[in-house]
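K.L.:
Pasting data.txt below, which is compact mmCIF, C-alpha atoms.
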# COMPACT_ATOMS: atom_id res chain seq x y z
CA VAL A 1 100.11 73.77 110.55
CA ARG A 2 101.37 77.27 111.41
CA LEU A 3 99.05 80.25 110.96
CA GLU A 4 100.49 83.74 111.36
CA ASN A 5 98.14 86.74 111.35
CA VAL A 6 95.52 84.88 109.32
CA PRO A 7 92.21 86.80 109.70
CA SER A 8 90.06 83.66 109.73
CA ALA A 9 90.79 79.93 109.54
CA ARG A 10 88.40 76.98 109.78
CA PHE A 11 89.09 73.24 109.88
CA SER A 12 86.24 70.71 109.75
CA GLY A 13 86.22 66.92 110.00
CA CYS A 14 90.01 66.65 110.00
CA ARG A 15 92.36 64.40 111.95
CA PHE A 16 95.83 65.24 113.29
CA GLN A 17 97.85 62.32 114.63
CA SER A 18 101.41 61.90 115.97
CA ASN A 19 102.66 65.34 115.03
CA GLN A 20 105.50 66.94 116.99
CA ALA A 21 106.66 70.53 117.35
CA ALA A 22 110.29 71.46 117.95
CA SER A 23 111.40 70.88 121.54
CA ASP A 24 110.74 74.47 122.65
CA ASP A 25 107.89 75.27 120.24
CA LYS A 26 104.12 75.37 120.58
CA GLY A 27 101.21 73.57 118.98
CA GLY A 28 102.19 70.07 117.92
CA ALA A 29 99.46 70.03 115.25
CA ILE A 30 98.33 73.68 114.95
CA HIS A 31 100.07 76.88 116.10
CA ALA A 32 98.10 80.06 115.36
CA THR A 33 99.17 83.62 116.18
CA GLY A 34 97.65 87.05 115.62
CA ALA A 35 94.29 88.72 116.08
CA GLY A 36 92.22 86.47 113.80
CA SER A 37 89.83 83.61 114.55
CA LEU A 38 90.53 79.89 114.48
CA GLU A 39 87.55 77.52 114.34
CA LEU A 40 87.85 73.74 114.70
CA VAL A 41 84.70 71.72 113.99
CA ASP A 42 84.70 67.97 114.69
CA VAL A 43 88.48 67.85 114.42
CA ASP A 44 90.31 65.01 116.19
CA PHE A 45 93.81 65.22 117.68
CA GLU A 46 95.72 62.15 118.85
CA LEU A 47 99.25 61.68 120.23
CA ASN A 48 100.56 65.12 119.28
CA THR A 49 103.35 66.75 121.30
CA ALA A 50 104.86 70.20 121.89
CA ASP A 51 106.30 72.36 124.64
CA GLN A 52 102.98 74.22 124.98
CA GLY A 53 99.71 72.98 123.55
CA GLY A 54 100.45 69.42 122.58
CA ALA A 55 97.76 69.58 119.89
CA VAL A 56 96.83 73.26 119.56
CA HIS A 57 98.31 76.56 120.72
CA ARG A 58 96.48 79.84 120.10
CA ASP A 59 98.33 83.12 120.72
CA GLY A 60 96.00 86.14 120.41
CA GLY A 61 92.63 86.30 118.67
CA SER A 62 90.09 83.59 119.38
CA LEU A 63 89.78 79.81 119.35
CA THR A 64 86.48 77.96 118.91
CA LEU A 65 86.18 74.20 119.43
CA THR A 66 82.91 72.57 118.34
CA GLY A 67 82.89 68.85 118.98
CA GLY A 68 86.12 67.02 118.28
CA ALA A 69 88.17 64.58 120.34
CA PHE A 70 91.61 65.07 121.91
CA SER A 71 93.39 61.96 123.16
CA GLY A 72 96.88 61.13 124.35
CA ASN A 73 98.37 64.53 123.52
CA SER A 74 101.22 65.85 125.67
CA ALA A 75 103.17 69.02 126.46
CA ARG A 76 104.87 70.85 129.28
CA LEU A 77 101.94 73.29 129.51
CA GLY A 78 98.53 72.27 128.21
CA GLY A 79 98.73 68.66 127.13
CA ALA A 80 96.04 69.16 124.48
CA VAL A 81 95.39 72.92 124.20
CA SER A 82 97.10 76.08 125.41
CA THR A 83 96.05 79.70 124.92
CA LYS A 84 97.85 83.00 125.41
CA ASP A 85 95.72 86.16 125.29
CA ALA A 86 93.19 84.21 123.21
CA ALA A 87 89.49 83.84 123.98
CA LEU A 88 88.41 80.18 124.01
CA VAL A 89 84.90 78.88 123.37
CA ALA A 90 84.52 75.08 123.51
CA ASP A 91 81.25 73.18 123.06
CA GLY A 92 81.04 69.40 123.03
CA ALA A 93 84.76 68.69 122.88
CA THR A 94 86.20 65.63 124.63
CA PHE A 95 89.65 65.21 126.16
CA THR A 96 90.93 61.76 127.11
CA GLY A 97 94.31 60.84 128.59
CA ASP A 98 96.11 64.08 127.77
CA SER A 99 99.11 65.00 129.94
CA ALA A 100 101.42 67.84 130.93
CA THR A 101 104.82 67.58 132.58
CA SER A 102 104.05 70.83 134.41
CA ARG A 103 100.58 72.44 134.33
CA GLY A 104 97.24 71.82 132.66
CA GLY A 105 96.97 68.16 131.71
CA ALA A 106 94.30 68.86 129.09
CA LEU A 107 94.09 72.68 128.90
CA HIS A 108 96.34 75.57 129.94
CA LEU A 109 94.32 78.78 129.57
CA ASP A 110 95.93 82.23 129.83
CA ALA A 111 93.33 84.68 128.53
CA ASP A 112 90.66 87.25 129.40
CA ALA A 113 87.74 84.85 128.91
CA SER A 114 87.16 81.13 128.37
CA SER A 115 83.88 79.22 128.06
CA LEU A 116 83.56 75.43 128.23
CA VAL A 117 80.10 73.92 127.70
CA ASN A 118 79.29 70.21 127.41
CA VAL A 119 83.00 69.44 127.60
CA THR A 120 84.34 66.11 128.89
CA ILE A 121 87.81 65.70 130.38
CA ASP A 122 88.85 62.26 131.55
CA GLY A 123 92.11 60.76 132.76
CA ALA A 124 94.20 63.89 132.30
CA THR A 125 97.41 64.33 134.30
CA ALA A 126 99.72 67.19 135.24
CA THR A 127 102.86 66.84 137.32
CA THR A 128 102.32 70.01 139.34
CA GLU A 129 99.02 71.91 138.94
CA GLY A 130 95.69 71.43 137.19
CA GLY A 131 95.31 67.82 136.17
CA GLY A 132 92.43 68.72 133.86
CA LEU A 133 92.67 72.51 133.50
CA TYR A 134 95.00 75.28 134.59
CA VAL A 135 93.52 78.80 134.47
CA ARG A 136 95.53 81.99 134.87
CA LYS A 137 95.83 85.71 134.02
CA SER A 138 94.51 88.63 136.06
CA GLY A 139 90.88 89.28 135.20
CA HIS A 140 90.41 85.97 133.39
CA VAL A 141 86.83 84.65 133.69
CA LEU A 142 86.28 80.94 133.01
CA THR A 143 82.84 79.35 132.84
CA LEU A 144 82.59 75.56 133.07
CA GLU A 145 79.00 74.56 132.34
CA THR A 146 77.27 71.17 132.07
CA SER A 147 80.66 69.55 131.76
CA SER A 148 82.61 66.78 133.51
CA VAL A 149 86.16 66.36 134.73
CA THR A 150 86.89 62.82 135.89
CA THR A 151 89.78 60.66 137.12
CA SER A 152 92.33 63.41 136.54
CA THR A 153 95.44 63.93 138.67
CA ALA A 154 97.90 66.64 139.74
CA GLN A 155 99.81 67.66 142.84
CA ARG A 156 97.41 70.57 143.35
CA GLY A 157 93.97 70.66 141.78
CA GLY A 158 93.36 67.21 140.36
CA ALA A 159 90.63 68.56 138.07
CA LEU A 160 91.21 72.33 138.05
CA PHE A 161 93.76 74.87 139.26
CA VAL A 162 92.63 78.51 139.52
CA ASP A 163 95.46 81.02 139.72
CA ALA A 164 95.34 84.32 141.63
CA ASP A 165 93.12 87.18 140.39
CA THR A 166 91.15 84.76 138.22
CA GLU A 167 87.41 84.08 138.39
CA VAL A 168 85.90 80.66 137.74
CA GLU A 169 82.23 79.68 137.61
CA VAL A 170 81.36 75.96 137.68
CA THR A 171 77.68 75.28 136.91
CA GLY A 172 75.80 72.03 136.44
CA SER A 173 79.02 70.04 136.19
CA ASP A 174 80.40 66.78 137.60
CA LEU A 175 83.89 66.50 139.11
CA LEU A 176 84.37 62.84 139.92
CA GLY A 177 87.25 60.66 141.04
CA ASN A 178 89.97 63.27 140.70
CA THR A 179 93.07 63.19 142.91
CA ALA A 180 95.76 65.46 144.29
CA THR A 181 98.85 63.42 145.06
CA LEU A 182 102.58 63.76 145.79
CA GLY A 183 104.00 65.91 148.58
CA GLU A 184 101.78 68.75 149.85
CA ALA A 185 98.87 67.68 147.65
CA ASP A 186 95.79 69.87 148.08
CA GLY A 187 92.44 70.12 146.32
CA GLY A 188 91.46 66.72 145.00
CA ALA A 189 89.15 68.39 142.49
CA ILE A 190 89.84 72.15 142.67
CA PHE A 191 92.68 74.27 144.03
CA SER A 192 91.73 77.94 143.89
CA LEU A 193 93.74 81.09 144.55
CA GLY A 194 91.12 83.20 142.78
CA ASP A 195 87.36 83.67 143.10
CA LEU A 196 85.43 80.41 142.77
CA THR A 197 81.67 79.95 142.39
CA VAL A 198 80.15 76.47 142.25
CA GLU A 199 76.46 75.93 141.56
CA GLN A 200 74.31 72.84 140.99
CA SER A 201 77.39 70.66 140.63
CA LEU A 202 78.44 67.29 141.98
CA PHE A 203 81.74 66.35 143.64
CA CYS A 204 82.15 62.62 144.27
CA ASP A 205 85.07 60.35 145.15
CA ASN A 206 87.73 63.03 144.84
CA ALA A 207 90.77 62.67 147.11
CA ALA A 208 93.72 64.69 148.39
CA SER A 209 96.70 63.13 150.10
CA ASP A 210 96.92 66.31 152.21
CA ARG A 211 94.09 68.89 152.37
CA GLY A 212 90.75 69.52 150.70
CA GLY A 213 89.26 66.34 149.28
CA SER A 214 87.21 68.32 146.77
CA ILE A 215 88.06 72.03 147.12
CA PHE A 216 91.04 73.91 148.52
CA GLY A 217 90.38 77.65 148.55
CA SER A 218 92.92 80.35 149.38
CA ASP A 219 93.13 84.13 148.83
CA GLY A 220 89.92 84.56 146.78
CA SER A 221 86.27 83.95 147.69
CA VAL A 222 84.53 80.57 147.59
CA ILE A 223 80.77 80.36 146.95
CA VAL A 224 78.95 77.02 146.83
CA ARG A 225 75.25 76.77 146.00
CA SER A 226 72.95 73.78 145.58
CA SER A 227 75.77 71.28 145.14
CA GLY A 228 76.55 67.81 146.46
CA PHE A 229 79.71 66.36 148.00
CA ALA A 230 79.88 62.59 148.52
CA GLY A 231 82.64 60.07 149.11
CA ASN A 232 85.45 62.61 149.02
CA SER A 233 88.51 62.25 151.26
CA ALA A 234 91.50 64.14 152.60
CA ALA A 235 94.29 62.82 154.79
CA THR A 236 94.90 65.97 156.85
CA PHE A 237 92.06 68.53 156.80
CA GLY A 238 88.78 69.17 154.99
CA ALA A 239 87.30 65.93 153.71
CA ALA A 240 85.19 67.97 151.28
CA ILE A 241 86.31 71.64 151.49
CA ILE A 242 89.10 73.57 153.19
CA VAL A 243 89.36 77.36 152.91
CA GLY A 244 91.59 80.16 154.10
CA THR A 245 89.79 82.69 151.94
CA PRO A 246 88.49 86.21 152.67
CA SER A 247 84.92 84.88 152.35
CA LEU A 248 83.09 81.56 152.24
CA SER A 249 79.41 80.97 151.48
CA VAL A 250 77.77 77.53 151.33
CA THR A 251 74.00 77.26 150.76
CA SER A 252 71.55 74.44 150.02
CA SER A 253 74.30 71.85 149.61
CA SER A 254 74.73 68.30 150.90
CA PHE A 255 77.74 66.48 152.36
CA ILE A 256 77.46 62.69 152.52
CA GLY A 257 80.03 60.03 153.36
CA ASN A 258 83.13 62.17 153.08
CA THR A 259 86.19 60.86 154.93
CA GLY A 260 88.76 62.84 156.88
CA PRO A 261 88.98 65.46 159.65
CA GLY A 262 85.79 67.46 159.07
CA ASN A 263 83.67 68.06 155.96
CA LEU A 264 84.50 71.77 156.14
CA ARG A 265 87.74 73.18 157.48
CA ILE A 266 87.69 76.98 157.79
CA GLY A 267 90.99 78.73 158.32
CA PHE A 268 91.19 82.51 158.01
CA SER A 269 87.92 83.43 156.32
CA ASN A 270 86.77 86.88 157.39
CA ASP A 271 83.19 86.36 156.24
CA VAL A 272 81.55 82.95 156.62
CA SER A 273 77.99 82.01 155.67
CA ILE A 274 76.77 78.43 155.90
Take the structure from the file and write it as structure tokens.
P.N.:
Amino acid sequence: VRLENVPSARFSGCRFQSNQAASDDKGGAIHATGAGSLELVDVDFELNTADQGGAVHRDGGSLTLTGGAFSGNSARLGGAVSTKDAALVADGATFTGDSATSRGGALHLDADASSLVNVTIDGATATTEGGGLYVRKSGHVLTLETSSVTTSTAQRGGALFVDADTEVEVTGSDLLGNTATLGEADGGAIFSLGDLTVEQSLFCDNAASDRGGSIFGSDGSVIVRSSGFAGNSAATFGAAIIVGTPSLSVTSSSFIGNTGPGNLRIGFSNDVSI
């Protein structure tokens, strides 16, 4: 389905399976452009492929996902969903086994604002960055709330990659069993070049074959509040967290049974509060 400058479109209770966009095109099942709104309610996407957004690509306007299941979709960027200058709101969607040959195994988000609530991402893979999610664009604010990203893999940021000048808030969420592998693999769960805030969240059994079993922070600030880190591992530095950021703040958090040289590895932070 291709939607061009459609003011409003809504799909409910539909299923898209084994659709394929042209080799350099976007949105294997749905490609929407323009300033309108696209709403998907309890829509399932399986085994769709494209260059960007294996299942759905939204360019401009807004995209709302309510419920629905994405499984086995693939693309170069955003195995299941990709956005470009489009606001995303997702509530209750699930992503299972989606993959990207470059970035964003499940989602590749390039927008001013994205909100994910009660979202589940499991077993997503990206060859380079953001096994579960890749977030970019200057000024982009992503909120990940009461959600889970599990057993996802990338070279950097097994669960989530945060690009420069981007702000991400993770609240009440579980990041479990994610891995950063291959070469200089950092950030088993999160690799952040932007500003990262984590609150009331759990990081367990994440692993990096180089640095930062759970979190690798660089360039932006890292704030951790009331969160738990258990069973994470890194081969080189920072079993749980490694930072070289301008500021680091960790409060009311626990670190239990993490494996590697030091739970916290602090590089060039100018302002540290623990």
K.L.:
For the atom pair atom CA of Thr259 of chain A and atom CA of Ile241 of chain A, what is the interatomic distance in Å to one decimal place?
P.N.:
11.3 Å
K.L.:
Give as a compact mmCIF listing (two decimals) with C-alpha atoms, keeping the file's coordinate frame each residue that has an atom at most 7 Å from (89.4, 84.1, 111.6) in the file, counting all atoms listed in the file.
P.N.:
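Once written, point-v3.txt looks like this:
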# COMPACT_ATOMS: atom_id res chain seq x y z
CA VAL A 6 95.52 84.88 109.32
CA PRO A 7 92.21 86.80 109.70
CA SER A 8 90.06 83.66 109.73
CA ALA A 9 90.79 79.93 109.54
CA GLY A 36 92.22 86.47 113.80
CA SER A 37 89.83 83.61 114.55
CA LEU A 38 90.53 79.89 114.48
K.L.:
Using only C-alpha atoms, which protein or nucleic acid residues come within 6 Å of Leu175 of chain A? Drop anything in the same chain fewer than 5 positions from it, and give the result as number ranges by chain.
P.N.:
A: 148-150, 203
K.L.:
Write the residues of the preceding selection, restricted to C-alpha atoms, as a short mmCIF file (atom, residue, chain, number, x, y, z; two decimals), in the frame of the given file.
P.N.:
data_model
loop_
_atom_site.label_atom_id
_atom_site.label_comp_id
_atom_site.auth_asym_id
_atom_site.auth_seq_id
_atom_site.Cartn_x
_atom_site.Cartn_y
_atom_site.Cartn_z
CA SER A 148 82.61 66.78 133.51
CA VAL A 149 86.16 66.36 134.73
CA THR A 150 86.89 62.82 135.89
CA PHE A 203 81.74 66.35 143.64
#
K.L.:
Within 10 Å of (99.2, 62.2, 145.5) in the file's own coordinates, which protein, DNA or RNA residues have an atom, counting all atoms listed in the file? List them as a ChimeraX atom specification.
P.N.:
/A:153-156,158,179-186,188,207-210
K.L.:
Could you name the residues that touch Phe70 of chain A at 6 Å or less, counting only C-alpha atoms, but leaving out those on the same chain fewer than 3 positions away, as a VMD selection string?
P.N.:
chain A and resid 44 to 46 95
K.L.:
Give me, as JSON, numbers by chain, all polymer residues having an atom no more than 7 Å from segment 103-106 of chain A, counting all atoms listed in the file and skipping those fewer than 5 positions away in the same chain.
P.N.:
{"A": [76, 77, 78, 79, 80, 81, 95, 98, 124, 125, 126, 127, 128, 129, 130, 131, 132, 133, 134]}
K.L.:
Could those selected residues go to a file with C-alpha atoms, as a compact mmCIF listing (two decimals), in the coordinates of the input?
P.N.:
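The resulting file, selection01.txt, is shown below:
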# COMPACT_ATOMS: atom_id res chain seq x y z
CA ARG A 76 104.87 70.85 129.28
CA LEU A 77 101.94 73.29 129.51
CA GLY A 78 98.53 72.27 128.21
CA GLY A 79 98.73 68.66 127.13
CA ALA A 80 96.04 69.16 124.48
CA VAL A 81 95.39 72.92 124.20
CA PHE A 95 89.65 65.21 126.16
CA ASP A 98 96.11 64.08 127.77
CA ALA A 124 94.20 63.89 132.30
CA THR A 125 97.41 64.33 134.30
CA ALA A 126 99.72 67.19 135.24
CA THR A 127 102.86 66.84 137.32
CA THR A 128 102.32 70.01 139.34
CA GLU A 129 99.02 71.91 138.94
CA GLY A 130 95.69 71.43 137.19
CA GLY A 131 95.31 67.82 136.17
CA GLY A 132 92.43 68.72 133.86
CA LEU A 133 92.67 72.51 133.50
CA TYR A 134 95.00 75.28 134.59
K.L.:
If I only have part of segment 198-209 of chain A, can you fill in all heavy atoms and write it as an mmCIF file, in the coordinates of the input?
P.N.:
data_model
loop_
_atom_site.group_PDB
_atom_site.id
_atom_site.type_symbol
_atom_site.label_atom_id
_atom_site.label_comp_id
_atom_site.auth_asym_id
_atom_site.auth_seq_id
_atom_site.Cartn_x
_atom_site.Cartn_y
_atom_site.Cartn_z
ATOM 1 N N VAL A 198 80.611 77.791 142.655
ATOM 2 C CA VAL A 198 80.150 76.470 142.250
ATOM 3 C C VAL A 198 78.649 76.406 142.474
ATOM 4 O O VAL A 198 78.158 76.726 143.554
ATOM 5 C CB VAL A 198 80.845 75.360 143.077
ATOM 6 C CG1 VAL A 198 80.244 73.997 142.759
ATOM 7 C CG2 VAL A 198 82.348 75.364 142.825
ATOM 8 N N GLU A 199 77.915 75.980 141.443
ATOM 9 C CA GLU A 199 76.460 75.930 141.560
ATOM 10 C C GLU A 199 75.911 74.699 140.852
ATOM 11 O O GLU A 199 76.320 74.372 139.735
ATOM 12 C CB GLU A 199 75.840 77.193 140.963
ATOM 13 C CG GLU A 199 74.363 77.338 141.234
ATOM 14 C CD GLU A 199 73.844 78.754 141.019
ATOM 15 O OE1 GLU A 199 74.621 79.611 140.566
ATOM 16 O OE2 GLU A 199 72.658 78.998 141.311
ATOM 17 N N GLN A 200 74.996 74.012 141.536
ATOM 18 C CA GLN A 200 74.310 72.840 140.990
ATOM 19 C C GLN A 200 75.302 71.840 140.383
ATOM 20 O O GLN A 200 75.089 71.329 139.286
ATOM 21 C CB GLN A 200 73.280 73.284 139.939
ATOM 22 C CG GLN A 200 72.163 74.114 140.539
ATOM 23 C CD GLN A 200 71.140 74.552 139.510
ATOM 24 O OE1 GLN A 200 71.430 74.616 138.315
ATOM 25 N NE2 GLN A 200 69.933 74.866 139.961
ATOM 26 N N SER A 201 76.353 71.570 141.118
ATOM 27 C CA SER A 201 77.390 70.660 140.630
ATOM 28 C C SER A 201 77.623 69.539 141.640
ATOM 29 O O SER A 201 77.240 69.639 142.807
ATOM 30 C CB SER A 201 78.690 71.433 140.375
ATOM 31 O OG SER A 201 78.513 72.346 139.302
ATOM 32 N N LEU A 202 78.255 68.485 141.168
ATOM 33 C CA LEU A 202 78.440 67.290 141.980
ATOM 34 C C LEU A 202 79.923 66.955 142.093
ATOM 35 O O LEU A 202 80.641 66.891 141.092
ATOM 36 C CB LEU A 202 77.691 66.115 141.333
ATOM 37 C CG LEU A 202 77.676 64.781 142.083
ATOM 38 C CD1 LEU A 202 76.971 64.933 143.421
ATOM 39 C CD2 LEU A 202 76.983 63.711 141.225
ATOM 40 N N PHE A 203 80.364 66.740 143.333
ATOM 41 C CA PHE A 203 81.740 66.350 143.640
ATOM 42 C C PHE A 203 81.700 64.999 144.344
ATOM 43 O O PHE A 203 81.255 64.914 145.487
ATOM 44 C CB PHE A 203 82.410 67.378 144.541
ATOM 45 C CG PHE A 203 82.642 68.725 143.902
ATOM 46 C CD1 PHE A 203 81.584 69.605 143.711
ATOM 47 C CD2 PHE A 203 83.911 69.118 143.508
ATOM 48 C CE1 PHE A 203 81.789 70.845 143.125
ATOM 49 C CE2 PHE A 203 84.132 70.355 142.927
ATOM 50 C CZ PHE A 203 83.065 71.221 142.735
ATOM 51 N N CYS A 204 82.173 63.959 143.678
ATOM 52 C CA CYS A 204 82.150 62.620 144.270
ATOM 53 C C CYS A 204 83.491 61.918 144.104
ATOM 54 O O CYS A 204 84.129 62.005 143.043
ATOM 55 C CB CYS A 204 81.074 61.756 143.604
ATOM 56 S SG CYS A 204 79.388 62.242 143.957
ATOM 57 N N ASP A 205 83.908 61.245 145.182
ATOM 58 C CA ASP A 205 85.070 60.350 145.150
ATOM 59 C C ASP A 205 86.360 61.049 144.739
ATOM 60 O O ASP A 205 87.259 60.423 144.163
ATOM 61 C CB ASP A 205 84.802 59.154 144.223
ATOM 62 C CG ASP A 205 83.582 58.362 144.635
ATOM 63 O OD1 ASP A 205 83.382 58.188 145.846
ATOM 64 O OD2 ASP A 205 82.813 57.931 143.757
ATOM 65 N N ASN A 206 86.460 62.328 145.026
ATOM 66 C CA ASN A 206 87.730 63.030 144.840
ATOM 67 C C ASN A 206 88.576 62.854 146.103
ATOM 68 O O ASN A 206 88.049 62.661 147.197
ATOM 69 C CB ASN A 206 87.476 64.519 144.586
ATOM 70 C CG ASN A 206 86.590 64.747 143.375
ATOM 71 O OD1 ASN A 206 87.005 64.527 142.248
ATOM 72 N ND2 ASN A 206 85.351 65.167 143.615
ATOM 73 N N ALA A 207 89.904 62.939 145.963
ATOM 74 C CA ALA A 207 90.770 62.670 147.110
ATOM 75 C C ALA A 207 92.024 63.524 147.058
ATOM 76 O O ALA A 207 92.588 63.776 145.987
ATOM 77 C CB ALA A 207 91.150 61.198 147.153
ATOM 78 N N ALA A 208 92.454 63.974 148.246
ATOM 79 C CA ALA A 208 93.720 64.690 148.390
ATOM 80 C C ALA A 208 94.561 63.989 149.438
ATOM 81 O O ALA A 208 94.059 63.645 150.515
ATOM 82 C CB ALA A 208 93.476 66.140 148.792
ATOM 83 N N SER A 209 95.830 63.797 149.130
ATOM 84 C CA SER A 209 96.700 63.130 150.100
ATOM 85 C C SER A 209 97.116 64.084 151.212
ATOM 86 O O SER A 209 97.777 63.665 152.159
ATOM 87 C CB SER A 209 97.924 62.538 149.410
ATOM 88 O OG SER A 209 98.679 63.546 148.778
#
